[in-house]
Amino acid sequence: MIAGSILLLAIIVLSACHSRPKKVGQMEILTPREQLPVLATDSVTTLISDSGITRYRIESPRWLFFDKTDTPYQEFPKGIYLEQFDEQLNVEASLKADYAHYNENLELWTLRGNVHALNWQGEQFDTQELKWDQRAHRVYSDSSIHITREKSIIEGVGFVSNEQMTKYTILHPTGVFPVKE
């Protein structure tokens with residue numbers, strides 16, 4: 001009886017380590033473990049602190065962690081919203097996108113679809129794709145970029161910036177620029 005219980009428990013534990021079968025017609029297809037998230041979370045709001053001070057808030061309708069792939073990653077298939085706070089919890093900067101992907105090995109964020117970023121200087125960045133390389137400490141894009149500043153609007157294709165998005169270069173600028181005579 002005990003041996004039967006141990007065998008049953010072993011079967012349950014081992015089957016929990018594999019993916020669940022999908023039925024297609026009369027066949028069952030197993031999804032490889034690499035294609036399944038280790039964690040799937042809905043309606044997430046999380047705070048991140050540094051030295052006891054709350055610095056960031058992340059919100060997402062869906063957050064997926066994939067740990068068994070060759071390159072572990074996190075995915076936000078339904079979008080992401082991030083706020084950065086100063087020491088008094090005032091919002092310094094924000095970032096919003098319809099989709100986000102974080103490559104853990106490369107420490108590279110890719111944001112796509114209606115990407116809107118607001119820096120601490122009040123400048124609004126709008127683009128369809130934005131990448132943030134945390135190792136190189138730079139933000140960049142090859143897509144069209146629209147930057148709304150206090151007294152001007154800058155447009156172009158492609159840009160490179162520091163992480164705070166306060167020092168940036170538009171690679172192919174277009175638009176109207178104020179000129180002092």
# chains A, B, ... in the order shown; residues from 1 in each chain; ligands from 1
>>> select_by_dssp(residues="stretch 24-104 of chain A", states="strand (DSSP E or B)", output="PyMOL selection string")
chain A and resi 24+27-30+39-50+53-66+73-76+80-85+91-97+99-103
>>> closest_residue(among="A:Thr46, A:Asn162, A:Thr41, A:Gln84", to="A:Trp63", atoms="only C-alpha atoms")
A:Thr41
>>> residues_around(residues="A:Trp109", least_positions_apart="2", cutoff="6 Å", atoms="only C-alpha atoms", output="list in words")
His101, Tyr102, Lys131 and Trp132 of chain A
>>> write_last_selection(atoms="all heavy atoms", output="PDB file, in the first residue's frame")
ATOM      1  N   HIS A 101       9.474  43.448 -24.019  1.00  0.00           N
ATOM      2  CA  HIS A 101      10.243  42.208 -23.944  1.00  0.00           C
ATOM      3  C   HIS A 101      11.569  42.549 -23.275  1.00  0.00           C
ATOM      4  O   HIS A 101      12.214  43.533 -23.640  1.00  0.00           O
ATOM      5  CB  HIS A 101      10.485  41.676 -25.361  1.00  0.00           C
ATOM      6  CG  HIS A 101      11.270  40.400 -25.413  1.00  0.00           C
ATOM      7  ND1 HIS A 101      12.637  40.374 -25.364  1.00  0.00           N
ATOM      8  CD2 HIS A 101      10.866  39.107 -25.518  1.00  0.00           C
ATOM      9  CE1 HIS A 101      13.044  39.117 -25.440  1.00  0.00           C
ATOM     10  NE2 HIS A 101      11.989  38.333 -25.530  1.00  0.00           N
ATOM     11  N   TYR A 102      11.976  41.741 -22.286  1.00  0.00           N
ATOM     12  CA  TYR A 102      13.248  41.972 -21.604  1.00  0.00           C
ATOM     13  C   TYR A 102      14.117  40.735 -21.739  1.00  0.00           C
ATOM     14  O   TYR A 102      13.777  39.672 -21.237  1.00  0.00           O
ATOM     15  CB  TYR A 102      13.027  42.307 -20.123  1.00  0.00           C
ATOM     16  CG  TYR A 102      14.322  42.463 -19.354  1.00  0.00           C
ATOM     17  CD1 TYR A 102      15.185  43.516 -19.637  1.00  0.00           C
ATOM     18  CD2 TYR A 102      14.680  41.557 -18.366  1.00  0.00           C
ATOM     19  CE1 TYR A 102      16.378  43.658 -18.945  1.00  0.00           C
ATOM     20  CE2 TYR A 102      15.865  41.700 -17.664  1.00  0.00           C
ATOM     21  CZ  TYR A 102      16.708  42.748 -17.961  1.00  0.00           C
ATOM     22  OH  TYR A 102      17.890  42.882 -17.276  1.00  0.00           O
ATOM     23  N   LYS A 131      14.383  50.828 -27.702  1.00  0.00           N
ATOM     24  CA  LYS A 131      15.215  49.822 -27.037  1.00  0.00           C
ATOM     25  C   LYS A 131      16.037  50.504 -25.948  1.00  0.00           C
ATOM     26  O   LYS A 131      16.495  51.625 -26.121  1.00  0.00           O
ATOM     27  CB  LYS A 131      16.124  49.116 -28.044  1.00  0.00           C
ATOM     28  CG  LYS A 131      15.326  48.294 -29.027  1.00  0.00           C
ATOM     29  CD  LYS A 131      16.185  47.413 -29.859  1.00  0.00           C
ATOM     30  CE  LYS A 131      15.259  46.592 -30.762  1.00  0.00           C
ATOM     31  NZ  LYS A 131      15.934  45.473 -31.350  1.00  0.00           N
ATOM     32  N   TRP A 132      16.190  49.778 -24.836  1.00  0.00           N
ATOM     33  CA  TRP A 132      16.974  50.277 -23.716  1.00  0.00           C
ATOM     34  C   TRP A 132      18.017  49.227 -23.382  1.00  0.00           C
ATOM     35  O   TRP A 132      17.692  48.152 -22.903  1.00  0.00           O
ATOM     36  CB  TRP A 132      16.072  50.562 -22.522  1.00  0.00           C
ATOM     37  CG  TRP A 132      16.781  50.936 -21.254  1.00  0.00           C
ATOM     38  CD1 TRP A 132      18.031  51.466 -21.113  1.00  0.00           C
ATOM     39  CD2 TRP A 132      16.262  50.799 -19.929  1.00  0.00           C
ATOM     40  NE1 TRP A 132      18.322  51.681 -19.794  1.00  0.00           N
ATOM     41  CE2 TRP A 132      17.254  51.271 -19.045  1.00  0.00           C
ATOM     42  CE3 TRP A 132      15.064  50.334 -19.418  1.00  0.00           C
ATOM     43  CZ2 TRP A 132      17.070  51.286 -17.663  1.00  0.00           C
ATOM     44  CZ3 TRP A 132      14.885  50.349 -18.038  1.00  0.00           C
ATOM     45  CH2 TRP A 132      15.878  50.828 -17.183  1.00  0.00           C
TER      46      TRP A 132
END
>>> residues_around(residues="A:Ile147", least_positions_apart="2", cutoff="9 Å", atoms="only C-alpha atoms", output="PyMOL selection string")
chain A and resi 123-127+145+149+152-156
>>> write_last_selection(atoms="N, CA, C and O atoms", output="compact mmCIF listing (two decimals), in the first residue's frame")
# COMPACT_ATOMS: atom_id res chain seq x y z
N GLU A 123 9.84 66.52 -21.39
CA GLU A 123 9.84 66.24 -22.82
C GLU A 123 9.13 64.90 -23.06
O GLU A 123 9.41 63.92 -22.38
N GLN A 124 8.23 64.90 -24.04
CA GLN A 124 7.44 63.71 -24.38
C GLN A 124 8.02 63.07 -25.64
O GLN A 124 8.14 63.73 -26.66
N PHE A 125 8.36 61.79 -25.57
CA PHE A 125 8.90 61.03 -26.69
C PHE A 125 7.84 60.05 -27.16
O PHE A 125 7.31 59.27 -26.35
N ASP A 126 7.53 60.06 -28.44
CA ASP A 126 6.53 59.14 -29.01
C ASP A 126 7.17 58.41 -30.19
O ASP A 126 7.72 59.05 -31.10
N THR A 127 7.09 57.10 -30.18
CA THR A 127 7.65 56.27 -31.24
C THR A 127 6.93 54.92 -31.27
O THR A 127 6.11 54.65 -30.40
N ILE A 145 10.51 59.16 -34.67
CA ILE A 145 10.45 59.68 -33.31
C ILE A 145 9.83 61.07 -33.35
O ILE A 145 10.10 61.85 -34.26
N ARG A 149 8.70 69.23 -26.91
CA ARG A 149 9.41 69.99 -25.90
C ARG A 149 8.56 71.20 -25.53
O ARG A 149 7.53 71.45 -26.14
N SER A 152 9.12 73.62 -28.65
CA SER A 152 9.35 73.11 -30.00
C SER A 152 8.95 71.64 -30.10
O SER A 152 8.77 70.96 -29.09
N ILE A 153 8.83 71.20 -31.32
CA ILE A 153 8.57 69.79 -31.62
C ILE A 153 9.68 69.33 -32.56
O ILE A 153 9.98 70.01 -33.55
N ILE A 154 10.29 68.22 -32.23
CA ILE A 154 11.34 67.66 -33.07
C ILE A 154 10.85 66.31 -33.60
O ILE A 154 10.32 65.51 -32.83
N GLU A 155 11.05 66.09 -34.87
CA GLU A 155 10.69 64.81 -35.46
C GLU A 155 11.88 64.29 -36.24
O GLU A 155 12.75 65.05 -36.67
N GLY A 156 11.90 63.00 -36.44
CA GLY A 156 12.96 62.40 -37.22
C GLY A 156 12.83 60.90 -37.25
O GLY A 156 11.84 60.33 -36.79
>>> select_by_dssp(residues="chain A", states="helix (DSSP H, G or I)", output="list in words")
Ile2, Ala3, Gly4, Ser5, Ile6, Leu7, Leu8, Leu9, Ala10, Ile11, Ile12, Val13, Leu14, Ser15, Ala16, Arg33, Glu34 and Gln35 of chain A
>>> residues_around(residues="A:Tyr168", least_positions_apart="2", cutoff="12 Å", atoms="only C-alpha atoms", output="list in words")
Asn119, Glu123, Phe125, Arg138, Val139, Tyr140, Ser141, Ile145, Ile147, Ile154, Gly158, Phe159, Val160, Ser161, Asn162, Glu163, Gln164, Met165, Thr166, Ile170, Leu171 and Pro173 of chain A
>>> residues_around(residues="A:Phe76", least_positions_apart="5", cutoff="6 Å", atoms="only C-alpha atoms", output="list in words")
Arg62, Trp63, Tyr99 and Ala100 of chain A
>>> write_last_selection(atoms="N, CA and C atoms", output="PDB file, in the first residue's frame")
ATOM      1  N   ARG A  62      -0.439  41.728 -18.046  1.00  0.00           N
ATOM      2  CA  ARG A  62       0.072  40.351 -18.120  1.00  0.00           C
ATOM      3  C   ARG A  62       1.598  40.385 -18.136  1.00  0.00           C
ATOM      4  N   TRP A  63       2.213  39.596 -17.243  1.00  0.00           N
ATOM      5  CA  TRP A  63       3.664  39.540 -17.119  1.00  0.00           C
ATOM      6  C   TRP A  63       4.071  38.075 -17.161  1.00  0.00           C
ATOM      7  N   TYR A  99       3.573  46.718 -25.840  1.00  0.00           N
ATOM      8  CA  TYR A  99       4.250  45.431 -25.706  1.00  0.00           C
ATOM      9  C   TYR A  99       5.662  45.690 -25.195  1.00  0.00           C
ATOM     10  N   ALA A 100       6.173  44.778 -24.360  1.00  0.00           N
ATOM     11  CA  ALA A 100       7.553  44.887 -23.889  1.00  0.00           C
ATOM     12  C   ALA A 100       8.171  43.505 -23.768  1.00  0.00           C
TER      13      ALA A 100
END
>>> atom_distance(atom1="atom CA of A:Gly113", atom2="atom CA of A:Glu75")
14.0 Å
>>> atom_distance(atom1="atom CA of A:Asp98", atom2="atom CA of A:Thr31")
26.6 Å
>>> residues_around(residues="A:Ile58", least_positions_apart="2", cutoff="10 Å", atoms="only C-alpha atoms", output="number ranges by chain")
A: 44-48, 56, 60, 80-84, 94-96
>>> atom_distance(atom1="atom CA of A:Phe65", atom2="atom CA of A:Glu92")
27.7 Å
>>> closest_residue(among="A:Thr69, A:Ser51, A:Ser143, A:Thr169", to="A:Gln128", atoms="only C-alpha atoms")
A:Ser143
